[in-house]
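Source file: input16.cif. Holds: mmCIF, C-alpha atoms.
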```cif
data_work
loop_
_atom_site.label_atom_id
_atom_site.label_comp_id
_atom_site.auth_asym_id
_atom_site.auth_seq_id
_atom_site.Cartn_x
_atom_site.Cartn_y
_atom_site.Cartn_z
CA MET D 1 145.86 67.62 90.98
CA ARG D 2 142.95 66.86 93.32
CA SER D 3 143.33 64.38 96.18
CA ALA D 4 140.95 61.59 97.08
CA GLN D 5 139.63 63.83 99.87
CA THR D 6 138.69 66.67 97.53
CA ALA D 7 135.32 68.16 98.55
CA LYS D 8 132.39 67.22 96.32
CA ILE D 9 130.04 69.94 95.12
CA LEU D 10 126.71 69.51 93.32
CA ILE D 11 125.43 72.36 91.12
CA VAL D 12 121.67 72.39 90.49
CA ASP D 13 120.53 74.79 87.75
CA ASP D 14 118.29 74.54 84.70
CA VAL D 15 120.35 77.04 82.65
CA ALA D 16 123.40 75.56 80.95
CA THR D 17 125.24 78.88 80.88
CA ASN D 18 124.96 79.24 84.66
CA ILE D 19 126.30 75.71 85.14
CA GLU D 20 129.23 76.38 82.83
CA VAL D 21 130.15 79.56 84.72
CA LEU D 22 130.12 77.79 88.10
CA LEU D 23 132.03 74.81 86.71
CA GLY D 24 134.70 77.15 85.42
CA ILE D 25 135.05 78.73 88.87
CA LEU D 26 135.05 75.55 90.99
CA GLU D 27 136.40 72.63 88.93
CA PRO D 28 140.08 73.53 89.47
CA ASP D 29 139.72 72.93 93.24
CA TYR D 30 136.76 70.60 93.77
CA ASP D 31 135.07 67.46 92.49
CA VAL D 32 132.06 69.11 90.81
CA SER D 33 128.97 67.50 89.35
CA PHE D 34 125.68 69.03 88.21
CA ALA D 35 121.97 68.43 87.82
CA THR D 36 119.76 70.29 85.36
CA SER D 37 116.59 70.29 87.46
CA GLY D 38 115.35 69.76 91.00
CA ARG D 39 114.03 66.29 90.14
CA HIS D 40 117.32 65.38 88.53
CA ALA D 41 119.18 66.42 91.70
CA LEU D 42 116.90 64.40 93.99
CA ASP D 43 117.31 61.34 91.74
CA LEU D 44 121.11 61.61 91.91
CA LEU D 45 121.05 61.92 95.70
CA ALA D 46 118.61 59.02 96.04
CA LYS D 47 121.10 56.83 94.14
CA GLY D 48 123.74 57.50 96.76
CA ALA D 49 125.55 60.64 95.61
CA ARG D 50 126.59 62.57 98.73
CA PRO D 51 128.11 65.98 97.94
CA ASP D 52 129.72 68.03 100.69
CA LEU D 53 127.89 71.15 99.50
CA ILE D 54 125.09 72.04 97.09
CA LEU D 55 124.80 75.22 94.98
CA LEU D 56 121.06 75.47 94.29
CA ASP D 57 119.28 77.75 91.81
CA VAL D 58 115.96 79.24 92.98
CA MET D 59 113.94 79.81 89.82
CA MET D 60 113.52 76.44 88.08
CA PRO D 61 110.50 74.96 86.28
CA GLU D 62 108.38 72.23 87.89
CA MET D 63 110.23 72.36 91.22
CA ASP D 64 111.90 75.54 92.45
CA GLY D 65 114.94 75.71 94.72
CA TYR D 66 112.90 76.20 97.90
CA ALA D 67 110.96 72.98 97.23
CA VAL D 68 114.18 71.08 96.47
CA CYS D 69 115.74 72.37 99.70
CA ALA D 70 112.68 71.37 101.71
CA ALA D 71 112.86 67.85 100.27
CA LEU D 72 116.56 67.57 101.14
CA LYS D 73 116.02 68.81 104.69
CA ALA D 74 113.17 66.34 105.18
CA ASP D 75 115.45 63.42 104.32
CA SER D 76 117.80 62.32 107.12
CA ARG D 77 120.36 61.21 104.52
CA THR D 78 120.72 64.68 103.01
CA ARG D 79 119.61 66.93 105.86
CA ALA D 80 123.14 67.90 106.91
CA ILE D 81 124.39 68.91 103.46
CA PRO D 82 124.84 72.71 103.45
CA ILE D 83 122.91 74.45 100.67
CA ILE D 84 123.90 77.79 99.17
CA PHE D 85 121.15 79.39 97.09
CA VAL D 86 122.32 81.01 93.84
CA THR D 87 119.68 83.53 92.83
CA GLY D 88 119.03 86.72 90.95
CA LYS D 89 116.61 87.79 93.68
CA THR D 90 118.08 90.46 96.01
CA ASP D 91 115.03 91.45 98.09
CA ALA D 92 115.01 90.79 101.85
CA GLU D 93 111.92 88.57 101.63
CA SER D 94 113.59 86.18 99.17
CA GLU D 95 116.76 86.07 101.30
CA THR D 96 114.69 85.31 104.42
CA GLN D 97 112.79 82.60 102.53
CA ALA D 98 116.09 81.04 101.49
CA LEU D 99 117.34 80.88 105.09
CA ASP D 100 113.97 79.67 106.40
CA ALA D 101 113.99 76.90 103.80
CA GLY D 102 117.23 75.60 105.29
CA GLY D 103 119.88 77.31 103.17
CA VAL D 104 123.08 78.44 104.87
CA ASP D 105 123.82 81.31 102.50
CA PHE D 106 122.93 82.88 99.16
CA ILE D 107 124.96 84.18 96.24
CA HIS D 108 123.47 86.79 93.94
CA LYS D 109 123.50 86.47 90.15
CA PRO D 110 125.39 87.40 88.11
CA VAL D 111 127.94 85.59 90.24
CA ASN D 112 131.29 87.04 91.27
CA SER D 113 133.95 84.32 91.01
CA GLN D 114 135.78 85.50 94.13
CA VAL D 115 132.54 85.57 96.13
CA VAL D 116 131.68 82.04 94.96
CA ARG D 117 135.10 80.66 95.93
CA SER D 118 135.06 82.48 99.29
CA ARG D 119 131.55 81.31 100.24
CA VAL D 120 132.25 77.74 99.18
CA ARG D 121 135.51 77.63 101.17
CA LEU D 122 133.81 79.17 104.19
CA HIS D 123 130.89 76.74 104.30
CA LEU D 124 132.98 73.68 103.58
CA GLU D 125 135.27 74.69 106.43
CA LEU D 126 132.31 75.37 108.74
CA GLN D 127 130.81 72.02 107.78
CA ARG D 128 134.12 70.29 108.53
CA ARG D 129 134.52 72.01 111.89
CA THR D 130 130.91 71.45 112.89
CA ARG D 131 131.15 67.72 112.14
CA GLU D 132 134.37 67.41 114.11
CA LEU D 133 132.90 69.30 117.04
CA GLU D 134 129.68 67.26 117.06
CA ARG D 135 131.65 64.00 117.03
CA SER D 136 133.83 65.21 119.89
CA LEU D 137 130.90 66.40 122.00
CA ILE D 138 129.07 63.07 121.65
CA GLU D 139 132.13 61.34 123.02
CA VAL D 140 132.14 63.57 126.13
CA ALA D 141 129.38 61.49 127.70
CA ALA D 142 131.41 58.28 127.22
CA ALA D 143 134.52 59.29 129.14
CA ASN D 144 135.89 62.31 131.00
CA ASP D 145 139.32 61.93 129.45
CA ARG D 146 137.74 62.47 126.00
CA LEU D 147 136.60 65.85 127.31
CA ARG D 148 140.23 66.85 127.82
CA VAL D 149 140.98 65.93 124.21
CA LEU D 150 137.99 67.98 123.03
CA THR D 151 139.05 70.93 125.16
CA GLN D 152 142.49 70.96 123.58
CA ALA D 153 140.94 70.82 120.12
CA ILE D 154 138.62 73.77 120.59
CA GLN D 155 141.19 75.70 122.63
CA HIS D 156 143.11 76.17 119.41
CA SER D 157 140.14 76.70 117.11
CA PRO D 158 140.21 79.99 115.18
CA ALA D 159 136.42 80.14 115.52
CA SER D 160 134.75 81.56 118.63
CA ILE D 161 133.13 78.67 120.53
CA VAL D 162 130.64 78.89 123.38
CA ILE D 163 129.07 75.97 125.26
CA THR D 164 126.03 76.58 127.45
CA GLY D 165 123.70 74.52 129.61
CA LEU D 166 120.03 74.08 128.83
CA ASP D 167 119.24 77.26 130.76
CA GLY D 168 121.62 79.25 128.58
CA THR D 169 124.28 79.70 131.25
CA ILE D 170 127.75 79.77 129.74
CA GLN D 171 129.86 76.81 130.83
CA TYR D 172 132.82 77.24 128.51
CA VAL D 173 134.35 79.72 126.06
CA ASN D 174 137.51 79.16 124.06
CA PRO D 175 140.45 81.59 123.65
CA ALA D 176 139.08 82.79 120.31
CA PHE D 177 135.96 83.96 122.15
CA VAL D 178 138.07 85.80 124.73
CA GLU D 179 140.09 87.48 122.00
CA GLU D 180 137.00 88.38 119.98
CA THR D 181 134.78 89.75 122.78
CA GLY D 182 137.25 91.07 125.34
CA TYR D 183 135.56 89.05 128.11
CA SER D 184 137.85 86.69 129.99
CA LEU D 185 136.94 83.10 130.78
CA VAL D 186 136.16 84.08 134.40
CA GLU D 187 133.97 86.98 133.29
CA ALA D 188 131.99 84.88 130.79
CA VAL D 189 131.41 81.57 132.62
CA GLY D 190 128.23 81.60 134.69
CA ARG D 191 126.69 84.40 132.67
CA ASN D 192 124.20 84.37 129.80
CA PRO D 193 125.27 85.04 126.18
CA ARG D 194 123.13 88.16 126.52
CA LEU D 195 126.29 89.86 127.86
CA LEU D 196 127.11 90.38 124.15
CA LYS D 197 123.67 91.80 123.33
CA SER D 198 123.85 94.93 121.20
CA GLY D 199 120.14 95.73 120.96
CA LEU D 200 120.49 95.78 117.16
CA ASN D 201 119.17 92.32 116.35
CA ASP D 202 115.61 91.82 115.14
CA PRO D 203 113.56 90.05 117.86
CA ALA D 204 112.45 87.63 115.13
CA THR D 205 116.07 86.43 114.91
CA TYR D 206 116.03 85.29 118.53
CA ARG D 207 112.60 83.69 118.12
CA SER D 208 113.84 81.69 115.15
CA LEU D 209 116.98 80.67 117.04
CA TRP D 210 115.11 79.29 120.06
CA GLU D 211 112.38 77.67 117.99
CA HIS D 212 115.06 75.66 116.16
CA LEU D 213 116.94 74.70 119.32
CA GLN D 214 113.79 73.71 121.21
CA ARG D 215 112.93 71.39 118.33
CA GLY D 216 116.38 69.88 118.70
CA GLU D 217 117.54 71.42 115.42
CA PRO D 218 120.66 73.51 114.68
CA TRP D 219 120.29 77.19 113.80
CA VAL D 220 122.42 79.24 111.43
CA GLY D 221 122.19 83.00 111.19
CA GLU D 222 123.83 86.36 111.64
CA LEU D 223 124.07 88.22 114.94
CA ILE D 224 125.15 91.77 115.69
CA ASN D 225 127.02 91.69 119.01
CA ARG D 226 128.81 94.13 121.27
CA ARG D 227 132.31 93.63 122.68
CA LYS D 228 133.24 94.51 126.25
CA THR D 229 134.69 97.75 124.88
CA GLY D 230 131.30 98.63 123.40
CA GLU D 231 132.44 98.02 119.84
CA ILE D 232 129.84 96.49 117.52
CA TYR D 233 130.69 93.52 115.28
CA SER D 234 128.84 90.96 113.17
CA GLU D 235 129.07 87.19 113.50
CA GLU D 236 127.86 84.22 111.52
CA ALA D 237 126.63 81.86 114.22
CA HIS D 238 126.14 78.09 113.95
CA ILE D 239 124.32 77.01 117.11
CA ALA D 240 123.33 73.41 117.72
CA PRO D 241 121.91 71.28 120.52
CA VAL D 242 124.22 68.61 121.92
CA LYS D 243 122.49 65.30 122.69
CA ASP D 244 123.49 62.40 124.89
CA VAL D 245 123.42 58.74 123.90
CA HIS D 246 119.68 58.68 124.65
CA GLY D 247 118.96 61.57 122.30
CA GLU D 248 118.29 64.04 125.08
CA VAL D 249 119.61 67.59 124.70
CA THR D 250 122.21 68.35 127.37
CA HIS D 251 124.02 71.43 126.06
CA TYR D 252 124.10 73.99 123.32
CA VAL D 253 127.24 74.77 121.35
CA ALA D 254 127.82 77.88 119.27
CA VAL D 255 130.54 78.16 116.64
CA LYS D 256 130.86 81.74 115.44
CA LEU D 257 132.93 83.52 112.82
CA ASN D 258 133.48 87.26 112.62
CA ILE D 259 131.99 88.48 109.33
CA THR D 260 132.24 92.23 109.96
CA GLU D 261 134.61 92.81 107.05
CA ARG D 262 132.52 90.64 104.77
CA LYS D 263 129.42 92.65 105.70
CA ARG D 264 131.25 95.91 105.06
CA SER D 265 132.32 94.63 101.67
CA GLN D 266 128.74 93.63 100.86
CA GLU D 267 127.47 97.04 101.98
CA ARG D 268 130.13 98.73 99.88
CA LEU D 269 129.13 96.70 96.81
CA THR D 270 125.48 97.53 97.43
CA TYR D 271 126.36 101.23 97.77
CA LEU D 272 128.32 101.19 94.52
CA ALA D 273 125.42 99.49 92.76
CA THR D 274 122.88 102.07 93.95
CA HIS D 275 124.81 105.35 93.92
CA ASP D 276 126.39 107.53 91.26
CA ALA D 277 130.16 107.08 91.50
CA LEU D 278 130.94 110.74 90.77
CA THR D 279 128.46 112.66 92.94
CA LYS D 280 127.66 109.94 95.52
CA LEU D 281 123.97 110.68 94.97
CA PRO D 282 121.39 107.90 94.51
CA ASN D 283 121.40 106.61 90.95
CA ARG D 284 118.32 106.11 88.79
CA ALA D 285 117.43 102.69 90.23
CA LEU D 286 117.69 103.73 93.88
CA PHE D 287 116.01 107.12 93.35
CA PHE D 288 112.94 105.63 91.69
CA GLU D 289 112.82 102.95 94.38
CA HIS D 290 112.61 105.83 96.91
CA LEU D 291 109.95 107.47 94.75
CA ASP D 292 107.79 104.33 94.65
CA ARG D 293 107.97 104.00 98.45
CA ALA D 294 107.17 107.68 98.91
CA LEU D 295 104.18 107.36 96.56
CA ALA D 296 102.81 104.43 98.55
CA LEU D 297 103.12 106.47 101.76
CA ALA D 298 101.57 109.56 100.17
CA ARG D 299 98.59 107.52 98.95
CA ARG D 300 98.07 106.06 102.41
CA ASN D 301 98.37 109.43 104.18
CA ARG D 302 96.65 111.44 101.42
CA THR D 303 99.56 113.87 101.16
CA ARG D 304 101.31 115.55 98.25
CA LEU D 305 104.79 115.01 96.90
CA ALA D 306 106.70 116.53 94.02
CA LEU D 307 109.06 115.07 91.44
CA LEU D 308 111.60 117.51 89.96
CA PHE D 309 113.54 116.93 86.75
CA ILE D 310 116.65 119.15 86.67
CA ASP D 311 118.90 119.72 83.68
CA LEU D 312 122.03 121.86 83.98
CA ASP D 313 122.06 124.60 81.34
CA HIS D 314 125.27 125.26 79.38
CA PHE D 315 127.13 122.38 81.03
CA LYS D 316 128.37 120.90 77.74
CA PRO D 317 130.38 124.02 76.71
CA VAL D 318 132.09 124.00 80.11
CA ASN D 319 132.89 120.31 79.79
CA ASP D 320 134.17 120.71 76.21
CA THR D 321 136.18 123.88 76.87
CA LEU D 322 137.70 123.25 80.30
CA GLY D 323 137.90 119.46 80.11
CA HIS D 324 136.14 116.52 81.72
CA ALA D 325 138.02 116.83 85.02
CA VAL D 326 136.70 120.36 85.52
CA GLY D 327 133.29 119.23 84.31
CA ASP D 328 133.28 116.47 86.90
CA ARG D 329 134.14 118.95 89.66
CA LEU D 330 131.32 121.18 88.49
CA LEU D 331 128.86 118.27 88.66
CA GLN D 332 130.07 117.38 92.15
CA GLN D 333 129.70 120.93 93.44
CA ALA D 334 126.30 121.37 91.80
CA ALA D 335 125.15 118.07 93.35
CA ARG D 336 126.24 119.22 96.82
CA ARG D 337 124.45 122.55 96.39
CA MET D 338 121.24 120.87 95.31
CA ALA D 339 121.37 118.41 98.20
CA SER D 340 122.03 121.18 100.75
CA SER D 341 119.12 123.25 99.43
CA LEU D 342 116.63 120.49 100.23
CA ARG D 343 115.21 119.32 103.54
CA ASP D 344 116.58 116.20 105.23
CA ALA D 345 113.41 114.32 104.26
CA ASP D 346 113.87 115.12 100.56
CA THR D 347 116.08 113.28 98.07
CA VAL D 348 118.16 114.33 95.08
CA GLY D 349 119.67 111.87 92.62
CA ARG D 350 121.67 111.84 89.40
CA ILE D 351 120.21 109.91 86.50
CA GLY D 352 122.89 110.56 83.92
CA GLY D 353 125.14 113.22 82.40
CA ASP D 354 123.98 116.63 83.65
CA GLU D 355 120.49 115.37 84.52
CA PHE D 356 119.31 115.24 88.11
CA VAL D 357 116.05 114.46 89.88
CA ALA D 358 114.65 115.49 93.25
CA LEU D 359 111.85 114.14 95.42
CA LEU D 360 109.99 116.50 97.77
CA THR D 361 107.61 114.91 100.31
CA GLY D 362 104.97 116.18 102.72
CA LEU D 363 103.98 119.23 100.64
CA ASP D 364 100.98 121.35 101.64
CA THR D 365 100.45 122.99 98.24
CA PRO D 366 101.99 122.86 94.75
CA GLU D 367 103.36 126.33 95.40
CA ASN D 368 105.59 124.87 98.13
CA ALA D 369 107.21 122.69 95.46
CA ARG D 370 107.78 125.70 93.23
CA LEU D 371 109.46 127.60 96.09
CA VAL D 372 111.81 124.68 96.82
CA ALA D 373 112.58 124.34 93.10
CA GLU D 374 113.42 128.05 92.91
CA LYS D 375 115.71 127.67 95.93
CA LEU D 376 117.43 124.76 94.24
CA ARG D 377 117.76 126.71 90.98
CA ASP D 378 119.26 129.69 92.83
CA ALA D 379 121.81 127.41 94.49
CA VAL D 380 122.92 126.00 91.13
CA ARG D 381 123.30 129.41 89.44
CA ARG D 382 125.76 130.84 91.98
CA PRO D 383 129.24 131.21 90.41
CA TYR D 384 131.70 128.31 90.60
CA ASP D 385 135.42 128.73 91.10
CA LEU D 386 136.96 125.96 88.99
CA ALA D 387 140.60 125.66 87.92
CA GLY D 388 141.13 129.32 88.75
CA GLN D 389 138.21 130.38 86.58
CA THR D 390 134.76 131.62 87.45
CA VAL D 391 132.15 129.44 85.80
CA ARG D 392 128.43 130.13 85.63
CA ILE D 393 125.68 127.72 84.76
CA SER D 394 121.97 127.57 85.47
CA ALA D 395 119.29 124.93 85.75
CA SER D 396 116.00 124.22 84.00
CA VAL D 397 113.60 122.56 86.40
CA GLY D 398 110.35 120.75 85.63
CA VAL D 399 107.94 119.95 88.47
CA ALA D 400 105.16 117.36 88.63
CA ILE D 401 102.93 116.98 91.71
CA PHE D 402 101.28 113.87 93.12
CA PRO D 403 98.35 113.41 92.94
CA ASP D 404 97.59 116.51 90.82
CA HIS D 405 99.72 115.48 87.81
CA GLY D 406 99.82 111.72 88.06
CA ASP D 407 99.41 108.70 90.31
CA SER D 408 102.46 106.66 89.30
CA SER D 409 106.19 107.18 89.09
CA LEU D 410 106.06 106.64 85.31
CA VAL D 411 103.45 109.34 84.72
CA LEU D 412 105.03 111.80 87.14
CA ALA D 413 108.43 111.30 85.54
CA ARG D 414 107.04 111.91 82.05
CA HIS D 415 105.24 115.08 83.16
CA ALA D 416 108.22 116.43 85.12
CA ASP D 417 110.40 115.77 82.07
CA ASP D 418 107.90 117.57 79.81
CA ALA D 419 107.85 120.54 82.18
CA MET D 420 111.65 120.64 82.25
CA TYR D 421 111.85 120.74 78.45
CA LEU D 422 109.32 123.56 78.43
CA ALA D 423 111.59 125.47 80.82
CA LYS D 424 114.42 125.03 78.33
CA GLN D 425 112.22 126.20 75.44
CA GLN D 426 111.30 129.30 77.42
CA GLY D 427 114.95 130.36 77.63
CA ARG D 428 116.42 128.04 80.31
CA ASP D 429 117.24 129.02 83.91
CA GLY D 430 113.64 128.62 84.98
CA VAL D 431 111.13 126.53 86.90
CA VAL D 432 108.00 125.20 85.20
CA LEU D 433 105.16 123.47 87.02
CA PHE D 434 103.50 120.87 84.80
CA ASP D 435 100.36 122.16 83.11
CA PRO D 436 98.73 119.99 80.43
CA THR D 437 97.38 123.10 78.71
CA LEU D 438 100.90 124.45 78.17
CA ILE D 439 102.74 121.21 77.33
CA PRO D 440 101.83 119.35 74.13
CA THR D 441 101.28 115.61 74.20
CA THR D 442 104.63 113.84 73.70
CA GLY D 443 103.19 110.63 72.31
CA THR D 444 105.08 108.52 74.84
CA GLY D 445 101.94 107.09 76.34
#
```

Would you give me this structure, written as structure tokens?
Amino acid sequence: MRSAQTAKILIVDDVATNIEVLLGILEPDYDVSFATSGRHALDLLAKGARPDLILLDVMMPEMDGYAVCAALKADSRTRAIPIIFVTGKTDAESETQALDAGGVDFIHKPVNSQVVRSRVRLHLELQRRTRELERSLIEVAAANDRLRVLTQAIQHSPASIVITGLDGTIQYVNPAFVEETGYSLVEAVGRNPRLLKSGLNDPATYRSLWEHLQRGEPWVGELINRRKTGEIYSEEAHIAPVKDVHGEVTHYVAVKLNITERKRSQERLTYLATHDALTKLPNRALFFEHLDRALALARRNRTRLALLFIDLDHFKPVNDTLGHAVGDRLLQQAARRMASSLRDADTVGRIGGDEFVALLTGLDTPENARLVAEKLRDAVRRPYDLAGQTVRISASVGVAIFPDHGDSSLVLARHADDAMYLAKQQGRDGVVLFDPTLIPTTGTG
């Protein structure tokens, strides 16, 4: 049963299914309402609805999420409501646009229920703590004894809190800061927060931070810092100017939460989504993403690259006879051999079953690609010791060269695949360089 103080959440999405999913995740714990468009959401808020947090879709007709966020941030009545973007976009530019628009976070579609609950709890808690801290800091100017009350409150805060003067000199850190960074109160006070600088943050992050603060606006972002021990960690920082009764900025306060584990979890999820679970090689999506980038670079530098399609010969009999566990070990060993036979700048990936692909960059001549392909084939054909038995397989390799055999990943892939099938037709265990006079048209376009 929810209490009268249950947090209110507004979901804004034009797709009913998305709304139903989020309602199912959040309704047991929160007072949840929804709007089916950006205009609908603005109308609800104009009538007095004041949610504690908004989950905002990006891609909506008439008015997208960025425009809705901009409208909310331009209105003093809704400016402070934290907005989490819920989007299917995963590129860095879209994520940066979401933060620049005023969002505090983003959740990728399809949503993970645990991620949704965790992010919502986190930002509601941060919102609660930030409001309490802002109220307390305003009261500092009214009476010194209120400062003692505030000090006791933030002394016991689980979040790392830093208060600086206008020049950035640290005037106060709480025990959570000391525990997190390894710097004592005496070591930190009088110094600049740069004592935590790791050298790993993008300079644009600092520019954004100071541009917000100099405009008298709070800033929210992620920082990579370094402890006194030299250990690197990640923080989600909420930094805001503190103003006196006349509206003049007197201090800056930073409330920071360690998100290192959350980042590691995100990186792990990203890795699992882009790599083959068995061989740890890039999967189809990641490999062809690498290929597209390599093609763009090769066009700019007028260099060659090669795409190899590799199919393991006689793998199915091994898998059927010795079992899938032995087959999996064979695939793993073959993958390691292929990877070790390439240069550091080259890439090998698994695209399914016993099919692999390789990308060779910076080639002088097509013959260089053939030599590397032969080296890779020789590595695969060496005997394997599996389950006490000696197993032999081979590889059929098709090679397509940019720009000789195509200018796009689609064309190169089709030609490398054609060449690989020709290698199989010629008796397997061979390397074939694409030649349109030897390979009939497949009719695939």

In the coordinate frame of the file, compute which residues have an atom within 12 Å of (121.1, 80.4, 129.3) when using only C-alpha atoms, and state them as a short mmCIF file (atom, residue, chain, number, x, y, z; two decimals) with C-alpha atoms, keeping the file's coordinate frame.
```
data_model
loop_
_atom_site.label_atom_id
_atom_site.label_comp_id
_atom_site.auth_asym_id
_atom_site.auth_seq_id
_atom_site.Cartn_x
_atom_site.Cartn_y
_atom_site.Cartn_z
CA VAL D 162 130.64 78.89 123.38
CA ILE D 163 129.07 75.97 125.26
CA THR D 164 126.03 76.58 127.45
CA GLY D 165 123.70 74.52 129.61
CA LEU D 166 120.03 74.08 128.83
CA ASP D 167 119.24 77.26 130.76
CA GLY D 168 121.62 79.25 128.58
CA THR D 169 124.28 79.70 131.25
CA ILE D 170 127.75 79.77 129.74
CA GLN D 171 129.86 76.81 130.83
CA ALA D 188 131.99 84.88 130.79
CA VAL D 189 131.41 81.57 132.62
CA GLY D 190 128.23 81.60 134.69
CA ARG D 191 126.69 84.40 132.67
CA ASN D 192 124.20 84.37 129.80
CA PRO D 193 125.27 85.04 126.18
CA ARG D 194 123.13 88.16 126.52
CA LEU D 195 126.29 89.86 127.86
CA TRP D 210 115.11 79.29 120.06
CA HIS D 251 124.02 71.43 126.06
CA TYR D 252 124.10 73.99 123.32
CA VAL D 253 127.24 74.77 121.35
#
```

| Top pick for closest residue to Val326 of chain D, considering D:Asp385, D:Asp244, D:Asp364, D:Asp64 and counting all atoms listed in the file | D:Asp385

| Hits from the PyMOL selection byres ((chain D and resi 285) around 12), listed as a ChimeraX atom specification | /D:270-276,281-284,286-292,349-352,357

| message | Given the point (111.1, 125.6, 97.5) in the file's coordinates, find the residues that have an atom at most 12 Å from it, counting only C-alpha atoms, and give them as a ChimeraX atom specification. | response | /D:306,308,338,341-343,346,358-361,363-379,397,399,431

| query | Between atom CA of Ile107 of chain D and atom CA of Thr36 of chain D, what is the distance, to one decimal in Å? | reply | 18.4 Å

| query | Pick from D:Ala74, D:Ala35, D:Ala325, D:Ile259: nearest to Asp57 of chain D, with only C-alpha atoms counted? | reply |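 Going through D:Ala74, D:Ala35, D:Ala325, D:Ile259 one by one, the smallest distance to Asp57 of chain D is for D:Ala35.
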
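The two atoms in question, atom CA of Thr229 of chain D and atom CA of Ser198 of chain D, are spaced 11.8 Å apart.
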
| message | Env of Ser394 of chain D: 6 Å cut, atoms = only C-alpha atoms, seq-sep filter 4 positions within chain, self excluded. Answer as a count of residues only. | response | 5

| field | Matched chain/residue IDs from the PyMOL selection byres ((chain D and resi 332) around 12), as a list of chain:residue names | value |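 The output of the PyMOL selection byres ((chain D and resi 332) around 12) on this file is D:Asp276, D:Ala277, D:Leu278, D:Thr279, D:Lys280, D:Leu281, D:Ala325, D:Val326, D:Gly327, D:Asp328, D:Arg329, D:Leu330, D:Leu331, D:Gln333, D:Ala334, D:Ala335, D:Arg336, D:Arg337, D:Met338, D:Ala339, D:Gly349, D:Arg350, D:Gly353, D:Asp354, D:Phe356, D:Val380, D:Tyr384, D:Leu386.
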
| task | Considering all atoms listed in the file, return as number ranges by chain whatever protein or nucleic-acid residues lie within 9 Å of segment 4-19 of chain D, sequence-local ones (same chain, fewer than 3 positions apart) excluded. | result | D: 22-24, 26, 29-38, 40-41, 50-61, 65, 86, 110-111, 124

| field | Counting only C-alpha atoms, the residue of D:Ile401, D:Leu185, D:Leu223, D:Val115 that sits nearest Asp202 of chain D | value |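 Result for the nearest residue to Asp202 of chain D: D:Leu223.
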